[in-house]
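Text of the file target07.tsv, holding TSV, C-alpha atoms:
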chain	number	residue	atom	x	y	z
Y	110	MET	CA	192.61	89.07	113.66
Y	111	ALA	CA	192.96	85.40	114.45
Y	112	MET	CA	195.14	82.47	113.46
Y	113	ALA	CA	194.04	79.10	112.22
Y	114	MET	CA	194.26	76.98	115.35
Y	115	GLU	CA	196.13	74.14	113.68
Y	116	ALA	CA	198.77	76.45	112.25
Y	117	CYS	CA	199.16	78.16	115.62
Y	118	PHE	CA	199.61	74.90	117.46
Y	119	ALA	CA	201.87	73.53	114.74
Y	120	HIS	CA	204.22	76.43	115.34
Y	121	LEU	CA	204.24	75.78	119.08
Y	122	VAL	CA	204.88	72.10	118.45
Y	123	GLU	CA	207.78	73.10	116.20
Y	124	ARG	CA	209.28	75.10	119.06
Y	125	TRP	CA	208.54	72.42	121.64
Y	126	THR	CA	211.63	70.82	123.15
Y	127	ASP	CA	211.59	69.54	126.71
Y	128	GLN	CA	208.68	71.49	128.13
Y	129	VAL	CA	206.13	69.60	130.18
Y	130	VAL	CA	202.70	70.24	128.67
Y	131	VAL	CA	199.27	70.28	130.31
Y	132	THR	CA	196.29	70.62	127.98
Y	133	SER	CA	192.74	71.43	128.97
Y	134	ALA	CA	189.53	69.76	127.88
Y	135	GLY	CA	188.40	70.05	124.28
Y	136	ASN	CA	190.22	71.51	121.33
Y	137	ALA	CA	193.58	72.08	123.02
Y	138	SER	CA	193.95	68.44	124.03
Y	139	GLU	CA	192.60	67.20	120.73
Y	140	MET	CA	194.89	69.38	118.64
Y	141	TRP	CA	198.01	68.68	120.67
Y	142	TRP	CA	197.30	64.98	120.38
Y	143	LYS	CA	196.67	65.22	116.64
Y	144	LEU	CA	199.93	67.06	116.02
Y	145	THR	CA	202.19	65.14	118.38
Y	146	GLY	CA	200.70	61.80	119.39
Y	147	GLU	CA	202.77	62.30	122.55
Y	148	THR	CA	201.85	60.20	125.57
Y	149	GLU	CA	204.53	60.96	128.14
Y	150	LYS	CA	205.50	64.63	128.15
Y	151	VAL	CA	201.86	65.69	128.03
Y	152	PHE	CA	199.09	65.50	130.60
Y	153	TYR	CA	195.79	65.63	128.76
Y	154	LEU	CA	193.64	67.07	131.54
Y	155	GLU	CA	190.41	66.47	129.71
Y	156	ALA	CA	188.43	66.80	132.93
Y	157	SER	CA	189.37	70.21	134.14
Y	158	MET	CA	186.91	73.08	133.52
Y	159	SER	CA	189.20	75.98	134.43
Y	160	LEU	CA	191.82	74.14	136.44
Y	161	ALA	CA	194.40	73.14	133.83
Y	162	SER	CA	196.72	76.07	134.46
Y	163	LEU	CA	196.66	75.66	138.23
Y	164	PHE	CA	197.26	71.94	137.83
Y	165	ALA	CA	200.26	72.91	135.71
Y	166	ALA	CA	201.28	75.46	138.33
Y	167	GLY	CA	201.41	72.68	140.92
Y	168	ILE	CA	203.84	70.77	138.71
Y	169	ALA	CA	205.93	73.88	138.09
Y	170	TYR	CA	206.00	74.56	141.82
Y	171	GLY	CA	207.16	71.04	142.61
Y	172	ILE	CA	209.75	70.80	139.86
Y	173	PRO	CA	211.42	74.19	139.47
Y	174	GLN	CA	213.87	72.82	136.90
Y	175	ALA	CA	211.02	71.85	134.54
Y	176	ASN	CA	209.54	74.32	132.11
Y	177	VAL	CA	205.79	73.86	132.06
Y	178	TRP	CA	203.39	74.90	129.33
Y	179	ALA	CA	199.70	75.05	130.25
Y	180	PHE	CA	196.85	75.44	127.79
Y	181	SER	CA	193.45	76.80	128.83
Y	182	GLY	CA	190.44	77.33	126.65
Y	183	ASP	CA	188.65	80.66	126.88
Y	184	GLY	CA	185.42	78.96	127.93
Y	185	ALA	CA	187.11	77.30	130.88
Y	186	PHE	CA	189.02	80.44	131.69
Y	187	LEU	CA	185.86	82.50	132.01
Y	188	MET	CA	184.62	80.11	134.68
Y	189	ASN	CA	187.53	80.99	136.93
Y	190	PRO	CA	189.42	84.11	135.85
Y	191	GLY	CA	190.48	84.59	139.45
Y	192	MET	CA	193.03	81.86	138.76
Y	193	LEU	CA	195.27	84.65	137.54
Y	194	THR	CA	195.54	86.11	141.03
Y	195	VAL	CA	196.83	82.78	142.28
Y	196	GLU	CA	199.27	82.49	139.38
Y	197	ARG	CA	200.55	85.98	140.13
Y	198	ARG	CA	200.94	85.08	143.79
Y	199	LEU	CA	202.86	81.93	142.89
Y	200	GLY	CA	205.07	83.87	140.47
Y	201	LEU	CA	206.50	80.73	138.94
Y	202	PRO	CA	209.22	81.58	136.41
Y	203	ASN	CA	208.95	78.15	134.82
Y	204	LEU	CA	205.25	78.37	133.93
Y	205	THR	CA	203.84	79.63	130.65
Y	206	HIS	CA	200.06	79.82	130.50
Y	207	PHE	CA	198.61	79.84	126.97
Y	208	LEU	CA	195.00	80.92	126.70
Y	209	VAL	CA	193.39	79.64	123.51
Y	210	ASP	CA	190.86	82.34	122.61
Y	211	ASN	CA	188.48	81.20	119.90
Y	212	GLY	CA	185.39	82.87	121.33
Y	213	VAL	CA	183.31	79.69	121.42
Y	214	TYR	CA	182.93	76.48	123.39
Y	215	GLY	CA	184.98	74.37	121.04
Y	216	ALA	CA	184.25	71.10	122.82
Y	217	THR	CA	180.50	71.52	122.48
Y	218	PHE	CA	179.77	72.23	118.84
Y	219	GLU	CA	181.13	75.76	119.10
Y	220	ILE	CA	178.22	77.15	121.02
Y	221	GLY	CA	178.69	80.84	121.73
Y	222	MET	CA	179.99	82.10	125.06
Y	223	SER	CA	178.50	84.57	127.53
Y	224	ASP	CA	180.86	87.34	126.48
Y	225	GLY	CA	180.28	86.89	122.76
Y	226	GLY	CA	184.00	86.37	122.39
Y	227	GLU	CA	184.70	90.01	123.20
Y	228	THR	CA	186.75	89.77	126.40
Y	229	ASP	CA	190.26	91.21	126.32
Y	230	TYR	CA	192.06	88.53	128.29
Y	231	ALA	CA	195.42	90.20	128.04
Y	232	ALA	CA	194.01	93.34	129.65
Y	233	LEU	CA	192.38	91.19	132.31
Y	234	ALA	CA	195.68	89.52	133.08
Y	235	ARG	CA	197.45	92.86	133.37
Y	236	ALA	CA	194.72	94.09	135.68
Y	237	CYS	CA	195.37	91.06	137.87
Y	238	GLY	CA	198.98	92.13	138.15
Y	239	LEU	CA	200.69	89.73	135.77
Y	240	ARG	CA	203.74	91.38	134.27
Y	241	ASN	CA	204.59	89.19	131.31
Y	242	VAL	CA	201.48	89.26	129.18
Y	243	PHE	CA	201.47	88.60	125.45
Y	244	ARG	CA	198.78	88.45	122.79
Y	245	PHE	CA	199.29	86.99	119.34
Y	246	GLY	CA	196.74	87.22	116.55
Y	247	ASP	CA	198.74	86.05	113.57
Y	248	LEU	CA	201.51	83.61	112.88
Y	249	GLY	CA	204.07	86.29	112.23
Y	250	GLU	CA	203.47	87.82	115.65
Y	251	LEU	CA	203.62	84.40	117.23
Y	252	ARG	CA	206.89	83.50	115.53
Y	253	ASP	CA	208.45	86.82	116.48
Y	254	GLY	CA	207.03	86.92	119.99
Y	255	MET	CA	207.75	83.45	121.29
Y	256	ASP	CA	211.45	84.19	121.71
Y	257	GLU	CA	210.51	86.94	124.14
Y	258	VAL	CA	207.99	84.69	125.88
Y	259	GLU	CA	210.74	82.19	126.55
Y	260	ARG	CA	213.18	84.88	127.67
Y	261	VAL	CA	211.06	86.56	130.32
Y	262	ASN	CA	211.90	86.13	133.96
Y	263	GLY	CA	208.64	85.25	135.63
Y	264	GLU	CA	205.43	83.56	134.67
Y	265	ALA	CA	204.22	84.31	131.18
Y	266	PHE	CA	200.59	84.57	130.13
Y	267	VAL	CA	200.02	84.27	126.39
Y	268	VAL	CA	196.72	84.87	124.64
Y	269	LEU	CA	196.43	83.02	121.34
Y	270	ASP	CA	193.68	84.51	119.16
Y	271	VAL	CA	192.57	81.62	116.98
Y	272	GLU	CA	189.65	80.86	114.73
Y	273	PRO	CA	187.09	78.26	115.79
Y	274	LEU	CA	188.20	74.84	114.63
Y	275	GLY	CA	185.01	74.07	112.79
Y	276	GLY	CA	184.61	70.60	114.24
Y	277	ALA	CA	185.87	68.23	116.84
Y	278	LEU	CA	189.00	66.11	116.54
Y	279	PRO	CA	189.57	62.70	118.12
Y	280	ASP	CA	190.34	62.68	121.83
Y	281	PRO	CA	193.65	61.28	123.07
Y	282	PRO	CA	192.88	57.56	123.44
Y	283	MET	CA	193.97	57.16	127.04
Y	284	ASP	CA	192.02	56.65	130.23
Y	285	GLY	CA	192.96	58.71	133.25
Y	286	PRO	CA	195.23	56.20	135.00
Y	287	GLU	CA	197.26	55.57	131.83
Y	288	CYS	CA	197.77	59.29	131.44
Y	289	LYS	CA	198.74	59.56	135.10
Y	290	PHE	CA	201.38	56.86	135.00
Y	291	ARG	CA	202.88	57.65	131.60
Y	292	PHE	CA	203.23	61.30	132.54
Y	293	GLY	CA	204.31	60.70	136.12
Y	294	ARG	CA	206.94	58.11	135.19
Y	295	HIS	CA	208.31	60.55	132.62
Y	296	LEU	CA	208.68	63.20	135.32
Y	297	GLU	CA	210.32	60.72	137.67
Y	298	ARG	CA	212.83	59.63	135.03
Y	299	THR	CA	213.55	63.09	133.70
Y	300	TYR	CA	213.64	65.19	136.86
Y	301	GLY	CA	214.40	62.69	139.58
Y	302	VAL	CA	211.27	63.45	141.57
Y	303	ARG	CA	209.56	60.73	143.56
Y	304	ILE	CA	205.86	60.67	142.85
Y	305	PHE	CA	204.38	57.22	143.15
Y	306	ASP	CA	206.33	55.60	145.92
Y	307	ALA	CA	206.88	58.57	148.19
Y	308	ARG	CA	205.71	58.16	151.78
Y	309	VAL	CA	203.49	55.11	151.18
U	273	MET	CA	184.46	86.17	172.21
U	274	ALA	CA	187.57	84.04	172.07
U	275	GLY	CA	188.70	83.02	168.61
U	276	PRO	CA	190.11	79.76	167.32
U	277	SER	CA	192.91	78.28	169.38
U	278	ARG	CA	196.47	78.99	168.28
U	279	GLU	CA	197.68	75.99	170.27
U	280	ILE	CA	195.39	73.64	168.41
U	281	ALA	CA	196.36	75.27	165.11
U	282	ALA	CA	200.02	74.69	165.89
U	283	ALA	CA	199.34	71.06	166.79
U	284	ILE	CA	197.49	70.50	163.50
U	285	ALA	CA	200.29	72.15	161.55
U	286	GLU	CA	202.78	69.89	163.29
U	287	GLN	CA	200.86	66.81	162.20
U	288	ALA	CA	200.68	68.15	158.65
U	289	ALA	CA	204.43	68.70	158.59
U	290	GLN	CA	205.05	65.19	159.86
U	291	SER	CA	202.80	63.93	157.07
U	292	GLY	CA	205.12	65.42	154.47
U	293	ILE	CA	202.89	68.34	153.58
U	294	GLU	CA	204.86	71.22	152.04
U	295	LEU	CA	202.27	73.17	150.05
U	296	VAL	CA	199.08	74.46	151.68
U	297	ALA	CA	196.42	76.05	149.47
U	298	SER	CA	193.68	77.71	151.47
U	299	LEU	CA	190.49	79.71	151.43
U	300	PRO	CA	189.23	80.90	154.81
U	301	ASP	CA	186.45	79.89	157.09
U	302	GLY	CA	186.38	81.71	160.42
U	303	TRP	CA	187.02	78.51	162.30
U	304	ILE	CA	190.34	77.95	160.52
U	305	ALA	CA	191.64	81.50	160.73
U	306	ALA	CA	194.26	80.57	163.32
U	307	LEU	CA	195.21	77.50	161.32
U	308	ILE	CA	195.76	79.55	158.17
U	309	GLU	CA	197.93	81.94	160.16
U	310	ALA	CA	199.88	79.00	161.55
U	311	PHE	CA	200.63	77.66	158.08
U	312	GLU	CA	201.50	81.13	156.83
U	313	ALA	CA	203.97	81.67	159.65
U	314	ASP	CA	205.58	78.24	159.55
U	315	ALA	CA	208.67	78.04	157.32
U	316	ARG	CA	208.08	74.34	156.72
U	317	PHE	CA	205.15	75.24	154.47
U	318	ASP	CA	204.53	77.28	151.38
U	319	HIS	CA	201.11	78.74	152.02
U	320	ILE	CA	199.17	79.94	148.97
U	321	PRO	CA	195.83	81.69	149.42
U	322	VAL	CA	193.61	80.76	146.47
U	323	ASN	CA	190.67	82.53	144.84
U	324	ARG	CA	188.23	79.64	145.23
U	325	GLU	CA	188.35	76.15	146.65
U	326	GLU	CA	188.41	74.40	143.29
U	327	SER	CA	191.63	76.21	142.55
U	328	ALA	CA	193.15	74.53	145.59
U	329	ILE	CA	192.12	71.15	144.20
U	330	GLY	CA	193.72	71.94	140.86
U	331	LEU	CA	196.93	73.29	142.36
U	332	CYS	CA	197.36	70.46	144.84
U	333	SER	CA	196.63	67.84	142.19
U	334	GLY	CA	199.44	69.24	140.09
U	335	ALA	CA	201.75	69.39	143.09
U	336	PHE	CA	201.33	65.63	143.43
U	337	PHE	CA	203.01	65.27	140.04
U	338	GLY	CA	205.71	67.59	141.27
U	339	GLY	CA	206.45	65.12	144.05
U	340	LYS	CA	205.24	67.51	146.72
U	341	GLY	CA	202.92	66.73	149.58
U	342	SER	CA	200.09	69.21	149.56
U	343	LEU	CA	196.98	70.12	151.45
U	344	ALA	CA	193.78	71.88	150.45
U	345	LEU	CA	192.40	73.79	153.43
U	346	MET	CA	188.85	75.13	153.32
U	347	GLY	CA	185.52	75.42	155.03
U	348	ALA	CA	182.62	73.04	154.68
U	349	SER	CA	180.93	75.20	152.07
U	350	GLY	CA	184.13	75.20	150.07
U	351	LEU	CA	184.19	71.43	149.92
U	352	MET	CA	180.62	71.46	148.65
U	353	THR	CA	181.81	73.54	145.68
U	354	CYS	CA	184.57	71.05	144.84
U	355	ILE	CA	182.57	67.98	143.92
U	356	TYR	CA	183.19	68.50	140.21
U	357	ALA	CA	186.93	69.01	140.61
U	358	ILE	CA	187.38	66.05	142.93
U	359	THR	CA	185.36	63.61	140.88
U	360	LYS	CA	186.72	64.77	137.53
U	361	ILE	CA	190.37	65.31	138.31
U	362	ASN	CA	191.16	63.21	141.34
U	363	TYR	CA	188.90	60.29	140.56
U	364	THR	CA	189.46	60.20	136.79
U	365	TYR	CA	193.24	60.38	137.11
U	366	MET	CA	193.58	58.74	140.54
U	367	VAL	CA	195.31	61.64	142.21
U	368	PRO	CA	195.64	61.52	146.00
U	369	MET	CA	195.22	64.61	148.17
U	370	THR	CA	194.57	65.59	151.73
U	371	ILE	CA	191.71	68.04	152.28
U	372	PHE	CA	191.07	69.76	155.62
U	373	ILE	CA	187.56	71.10	156.21
U	374	THR	CA	185.41	72.49	158.99
U	375	MET	CA	182.52	70.38	160.22
U	376	ARG	CA	180.03	73.20	159.91
U	377	GLY	CA	176.39	72.82	160.82
U	378	ARG	CA	176.93	70.39	163.66
U	379	LEU	CA	175.72	70.87	167.22
U	380	GLY	CA	177.28	74.01	168.59
U	381	ASP	CA	177.43	75.88	165.29
U	382	ARG	CA	175.04	78.79	165.71
U	383	ALA	CA	175.41	80.04	162.14
U	384	LYS	CA	172.05	79.52	160.48
U	385	PHE	CA	173.58	79.71	157.02
U	386	HIS	CA	175.55	76.54	157.74
U	387	VAL	CA	172.50	74.43	158.52
U	388	SER	CA	172.68	72.98	155.01
U	389	ASN	CA	176.24	71.82	155.56
U	390	GLY	CA	175.17	70.04	158.71
U	391	LEU	CA	172.39	68.32	156.86
U	392	TYR	CA	174.01	67.48	153.55
U	393	MET	CA	177.81	67.60	153.63
U	394	GLU	CA	178.43	64.17	155.12
U	395	PRO	CA	175.77	62.51	152.94
U	396	VAL	CA	177.37	64.17	149.90
U	397	MET	CA	180.81	62.85	150.83
U	398	ARG	CA	179.40	59.37	151.31
U	399	SER	CA	177.50	59.56	148.04
U	400	ILE	CA	180.71	60.09	146.06
U	401	ASP	CA	182.68	57.58	148.15
U	402	LEU	CA	184.97	60.29	149.47
U	403	PRO	CA	186.63	58.91	152.60
U	404	TYR	CA	186.63	61.24	155.58
U	405	THR	CA	187.46	61.28	159.23
U	406	VAL	CA	186.27	63.74	161.85
U	407	ILE	CA	188.61	64.99	164.55
U	408	GLU	CA	186.89	66.25	167.69
U	409	ARG	CA	189.65	66.11	170.30
U	410	PRO	CA	193.38	66.87	170.40
U	411	ASP	CA	194.23	63.25	171.15
U	412	GLN	CA	192.82	62.33	167.72
U	413	LEU	CA	195.18	64.56	165.73
U	414	GLY	CA	197.27	61.54	164.75
U	415	GLU	CA	194.45	60.79	162.33
U	416	ILE	CA	195.91	63.47	160.07
U	417	ARG	CA	198.97	61.37	159.29
U	418	ARG	CA	196.84	58.29	158.80
U	419	ALA	CA	194.54	60.19	156.44
U	420	GLU	CA	197.44	61.42	154.33
U	421	ALA	CA	198.89	57.92	154.11
U	422	HIS	CA	195.48	56.48	153.29
U	423	SER	CA	195.02	58.96	150.49
U	424	ARG	CA	198.21	57.79	148.85
U	425	THR	CA	197.27	54.17	149.37
U	426	ILE	CA	193.91	54.51	147.67
U	427	SER	CA	195.05	57.15	145.15
U	428	ARG	CA	192.11	59.36	146.02
U	429	PRO	CA	191.54	62.37	148.23
U	430	VAL	CA	190.82	61.88	151.91
U	431	VAL	CA	189.05	64.54	153.94
U	432	VAL	CA	189.87	65.46	157.51
U	433	GLY	CA	187.06	67.39	159.21
U	434	PHE	CA	187.61	69.49	162.31
U	435	THR	CA	184.84	70.36	164.75
U	436	ARG	CA	184.30	73.81	166.20
U	437	ASP	CA	185.07	72.68	169.72
U	438	LEU	CA	188.42	71.27	168.64
U	439	LEU	CA	189.43	74.35	166.66
U	440	TYR	CA	188.39	76.67	169.49
U	441	GLY	CA	190.21	74.60	172.09
U	442	GLU	CA	186.96	73.81	173.87
U	443	SER	CA	186.76	70.06	173.38
U	444	ALA	CA	186.70	67.85	176.43
Produce structure tokens that represent the structure in this file.
Amino acid sequence: MAMAMEACFAHLVERWTDQVVVTSAGNASEMWWKLTGETEKVFYLEASMSLASLFAAGIAYGIPQANVWAFSGDGAFLMNPGMLTVERRLGLPNLTHFLVDNGVYGATFEIGMSDGGETDYAALARACGLRNVFRFGDLGELRDGMDEVERVNGEAFVVLDVEPLGGALPDPPMDGPECKFRFGRHLERTYGVRIFDARV
Amino acid sequence: MAGPSREIAAAIAEQAAQSGIELVASLPDGWIAALIEAFEADARFDHIPVNREESAIGLCSGAFFGGKGSLALMGASGLMTCIYAITKINYTYMVPMTIFITMRGRLGDRAKFHVSNGLYMEPVMRSIDLPYTVIERPDQLGEIRRAEAHSRTISRPVVVGFTRDLLYGESA
């Protein structure tokens, strides 16, 4: 069972309040941009290949008062599933890692993946020792389950079973430095951290 | 055979602390075993062992946006696996970072499987315009603070390479 990706993301956007969002390359960035057009509370890490959640973990580590949502694609995830051992070690209560499982490489014309889309990522996460693991395959489950995701004490890992998008969407129209400064200035203003002028 | 010097490790950690480093993400190389232990034992640092070197690049890049000074600590081979992450994340988004590596494959390294690092690692760093400095003696450890500051000035990673003789306390 799988959700339409746009409906799934639309529900998350509906629930979205002050969370800092990091999206990975491909469909996750494209869809979040399509639905929100947000340029400050989101870091579109389009160049990441498996590192979006650890990038997000670094933010969550540095700003414990920020709630951070990270989105990984399943293709990127399979390149570096050992990331989960690091996330478990960090044990960041303010990090929620969403794994978008569509079983294909969405950014590259939905070419099939090595596992044929058959990997049970939730089981993998549990095997790596993560305690708060969720898997949602329809919108009803997602609606009902997100309250619990937000209640848990400790990092949450959430598998979103979605259908392939069926085509690419426009990329967020920002170059890297614009993304860096819009996002970083937002964090400075909102959380009082010093990013750009510290120690220079 | 004597292992890496704990005194040198402590001196490197001291320089890192003075540079504002708080988070250390590491994957081992035998030469930096004492250094990893020094970071692990030092309350000024949060030391996080990672599963692969690219993960250190991702984590430390995010920590920059958390306002935290961070350090990716790895062997020479590890750096060679990070070219994608450095050029895609740090160069695309202009994210500074300090990276400590071992200068494997140089004179004195008897490990045949590091010959390739001796031949190609420095040319690879130069080919992607990745600034680096090599520390061979204890009196050069001040370069660590300069490297960290330079990284923030240029908004790119800077690599600090340590030789075997330094890390083993055998430099002149």
| said: Show me, as an MDAnalysis selection string, every residue of chain Y with an atom at most 6 Å from chain U, counting only C-alpha atoms. | reply: chainID Y and resid 156 160 163:165 167:168 171:172 191 195 285:286 289 302:304
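Here the question is which of Y:Glu149, Y:Asp210, Y:Glu115, Y:Asp229 gets nearest to Glu297 (chain Y) using only C-alpha atoms, and that residue is Y:Glu149.
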| task | For region 213-224 of chain Y, work out the shell of residues within 12 Å, counting only C-alpha atoms and skipping chain neighbours fewer than 6 positions away, then give it as a ChimeraX atom specification. | result | /Y:114,133-140,155-156,158,181-188,230,270-280
| How many Å lie between CA of Ser162 (chain Y) and CA of Phe305 (chain Y), rounded to one decimal? | 22.1 Å
| For Glu325 (chain U), the nearest of the candidates Y:Asn189, Y:Ala111, Y:Cys117, Y:Leu204, counting all atoms listed in the file |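 Among Y:Asn189, Y:Ala111, Y:Cys117, Y:Leu204, it is Y:Asn189 that comes nearest to Glu325 (chain U).
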| How far is it from CA of Arg382 (chain U) to CA of Ala282 (chain U), in Å with one decimal? |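 The value is 25.3 Å.
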| field | Selected residue of minimal separation from Leu307 (chain U) among U:Ala285, U:Ala419, U:Met352, U:Ile293, counting all atoms listed in the file | value |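 Comparing U:Ala285, U:Ala419, U:Met352, U:Ile293 against Leu307 (chain U), the winner is U:Ala285.
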| query | Mind pulling up the distance from CA of Gly146 (chain Y) to CA of Asp284 (chain Y)? | reply |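 Result for CA of Asp284 (chain Y) versus CA of Gly146 (chain Y): 14.8 Å, one decimal.
Every protein, DNA or RNA residue with an atom at most 8 Å from Tyr404 (chain U), where all atoms listed in the file count and chain neighbours fewer than 5 positions away do not, is listed here: Met397, Val430, Val431, Val432 and Gly433 of chain U.
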Could you write out that same residue set with C-alpha atoms as a compact mmCIF listing (two decimals), in the frame of the given file?
# COMPACT_ATOMS: atom_id res chain seq x y z
CA MET U 397 180.81 62.85 150.83
CA VAL U 430 190.82 61.88 151.91
CA VAL U 431 189.05 64.54 153.94
CA VAL U 432 189.87 65.46 157.51
CA GLY U 433 187.06 67.39 159.21
| For Ile304 (chain U), which residue among U:Leu439, U:Ala348, U:Ala274, U:Ile426 is the nearest when counting all atoms listed in the file? |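 Checking each candidate against Ile304 (chain U), we get U:Leu439 as the closest.
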| field | Counting all atoms listed in the file, the residue of Y:Gly200, Y:Pro190, Y:Pro281, Y:Gly238 that sits nearest Tyr153 (chain Y) | value |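 Looking only at the distances to Tyr153 (chain Y), the closest residue turns out to be Y:Pro281.
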| message | Using all atoms listed in the file - which residues lie no farther than 6 Å from the point (185.0, 74.4, 167.5) in the file's frame? Write them as a PyMOL selection string. | response | chain U and resi 435-440
| said: Here is a test: counting all atoms listed in the file, which residue of U:Glu408, U:Pro429, U:Phe372, U:Gly390 is nearest to Ser298 (chain U)? | reply: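 Smallest distance to Ser298 (chain U) is found for U:Phe372.
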| task | Might you pull out every residue within 12 Å of Arg124 (chain Y), with only C-alpha atoms counted and same-chain residues fewer than 5 positions away left off, and present them as JSON, numbers by chain? | result | {"Y": [117, 118, 119, 178, 251, 252, 255, 256, 258, 259]}
| query | What's the 12 Å shell around Arg376 (chain U), counting only C-alpha atoms, without same-chain residues fewer than 3 positions away, as a PyMOL selection string? | reply | chain U and resi 301-304+346-352+373+379-394+406+433-437+439
Put those residues in a file: C-alpha atoms, as an mmCIF file, in the frame of the given file.
data_model
loop_
_atom_site.group_PDB
_atom_site.id
_atom_site.type_symbol
_atom_site.label_atom_id
_atom_site.label_comp_id
_atom_site.auth_asym_id
_atom_site.auth_seq_id
_atom_site.Cartn_x
_atom_site.Cartn_y
_atom_site.Cartn_z
ATOM 1 C CA ASP U 301 186.450 79.890 157.090
ATOM 2 C CA GLY U 302 186.380 81.710 160.420
ATOM 3 C CA TRP U 303 187.020 78.510 162.300
ATOM 4 C CA ILE U 304 190.340 77.950 160.520
ATOM 5 C CA MET U 346 188.850 75.130 153.320
ATOM 6 C CA GLY U 347 185.520 75.420 155.030
ATOM 7 C CA ALA U 348 182.620 73.040 154.680
ATOM 8 C CA SER U 349 180.930 75.200 152.070
ATOM 9 C CA GLY U 350 184.130 75.200 150.070
ATOM 10 C CA LEU U 351 184.190 71.430 149.920
ATOM 11 C CA MET U 352 180.620 71.460 148.650
ATOM 12 C CA ILE U 373 187.560 71.100 156.210
ATOM 13 C CA LEU U 379 175.720 70.870 167.220
ATOM 14 C CA GLY U 380 177.280 74.010 168.590
ATOM 15 C CA ASP U 381 177.430 75.880 165.290
ATOM 16 C CA ARG U 382 175.040 78.790 165.710
ATOM 17 C CA ALA U 383 175.410 80.040 162.140
ATOM 18 C CA LYS U 384 172.050 79.520 160.480
ATOM 19 C CA PHE U 385 173.580 79.710 157.020
ATOM 20 C CA HIS U 386 175.550 76.540 157.740
ATOM 21 C CA VAL U 387 172.500 74.430 158.520
ATOM 22 C CA SER U 388 172.680 72.980 155.010
ATOM 23 C CA ASN U 389 176.240 71.820 155.560
ATOM 24 C CA GLY U 390 175.170 70.040 158.710
ATOM 25 C CA LEU U 391 172.390 68.320 156.860
ATOM 26 C CA TYR U 392 174.010 67.480 153.550
ATOM 27 C CA MET U 393 177.810 67.600 153.630
ATOM 28 C CA GLU U 394 178.430 64.170 155.120
ATOM 29 C CA VAL U 406 186.270 63.740 161.850
ATOM 30 C CA GLY U 433 187.060 67.390 159.210
ATOM 31 C CA PHE U 434 187.610 69.490 162.310
ATOM 32 C CA THR U 435 184.840 70.360 164.750
ATOM 33 C CA ARG U 436 184.300 73.810 166.200
ATOM 34 C CA ASP U 437 185.070 72.680 169.720
ATOM 35 C CA LEU U 439 189.430 74.350 166.660
#
| request: Please tell me which residues are no farther than 12 Å from (208.7, 68.8, 119.5) in the file, counting all atoms listed in the file, and write them as a list of chain:residue names. | output: Y:Phe118, Y:Ala119, Y:His120, Y:Leu121, Y:Val122, Y:Glu123, Y:Arg124, Y:Trp125, Y:Thr126, Y:Asp127, Y:Gln128, Y:Val129, Y:Val130, Y:Trp141, Y:Leu144, Y:Thr145, Y:Gly146, Y:Glu147, Y:Lys150, Y:Val151
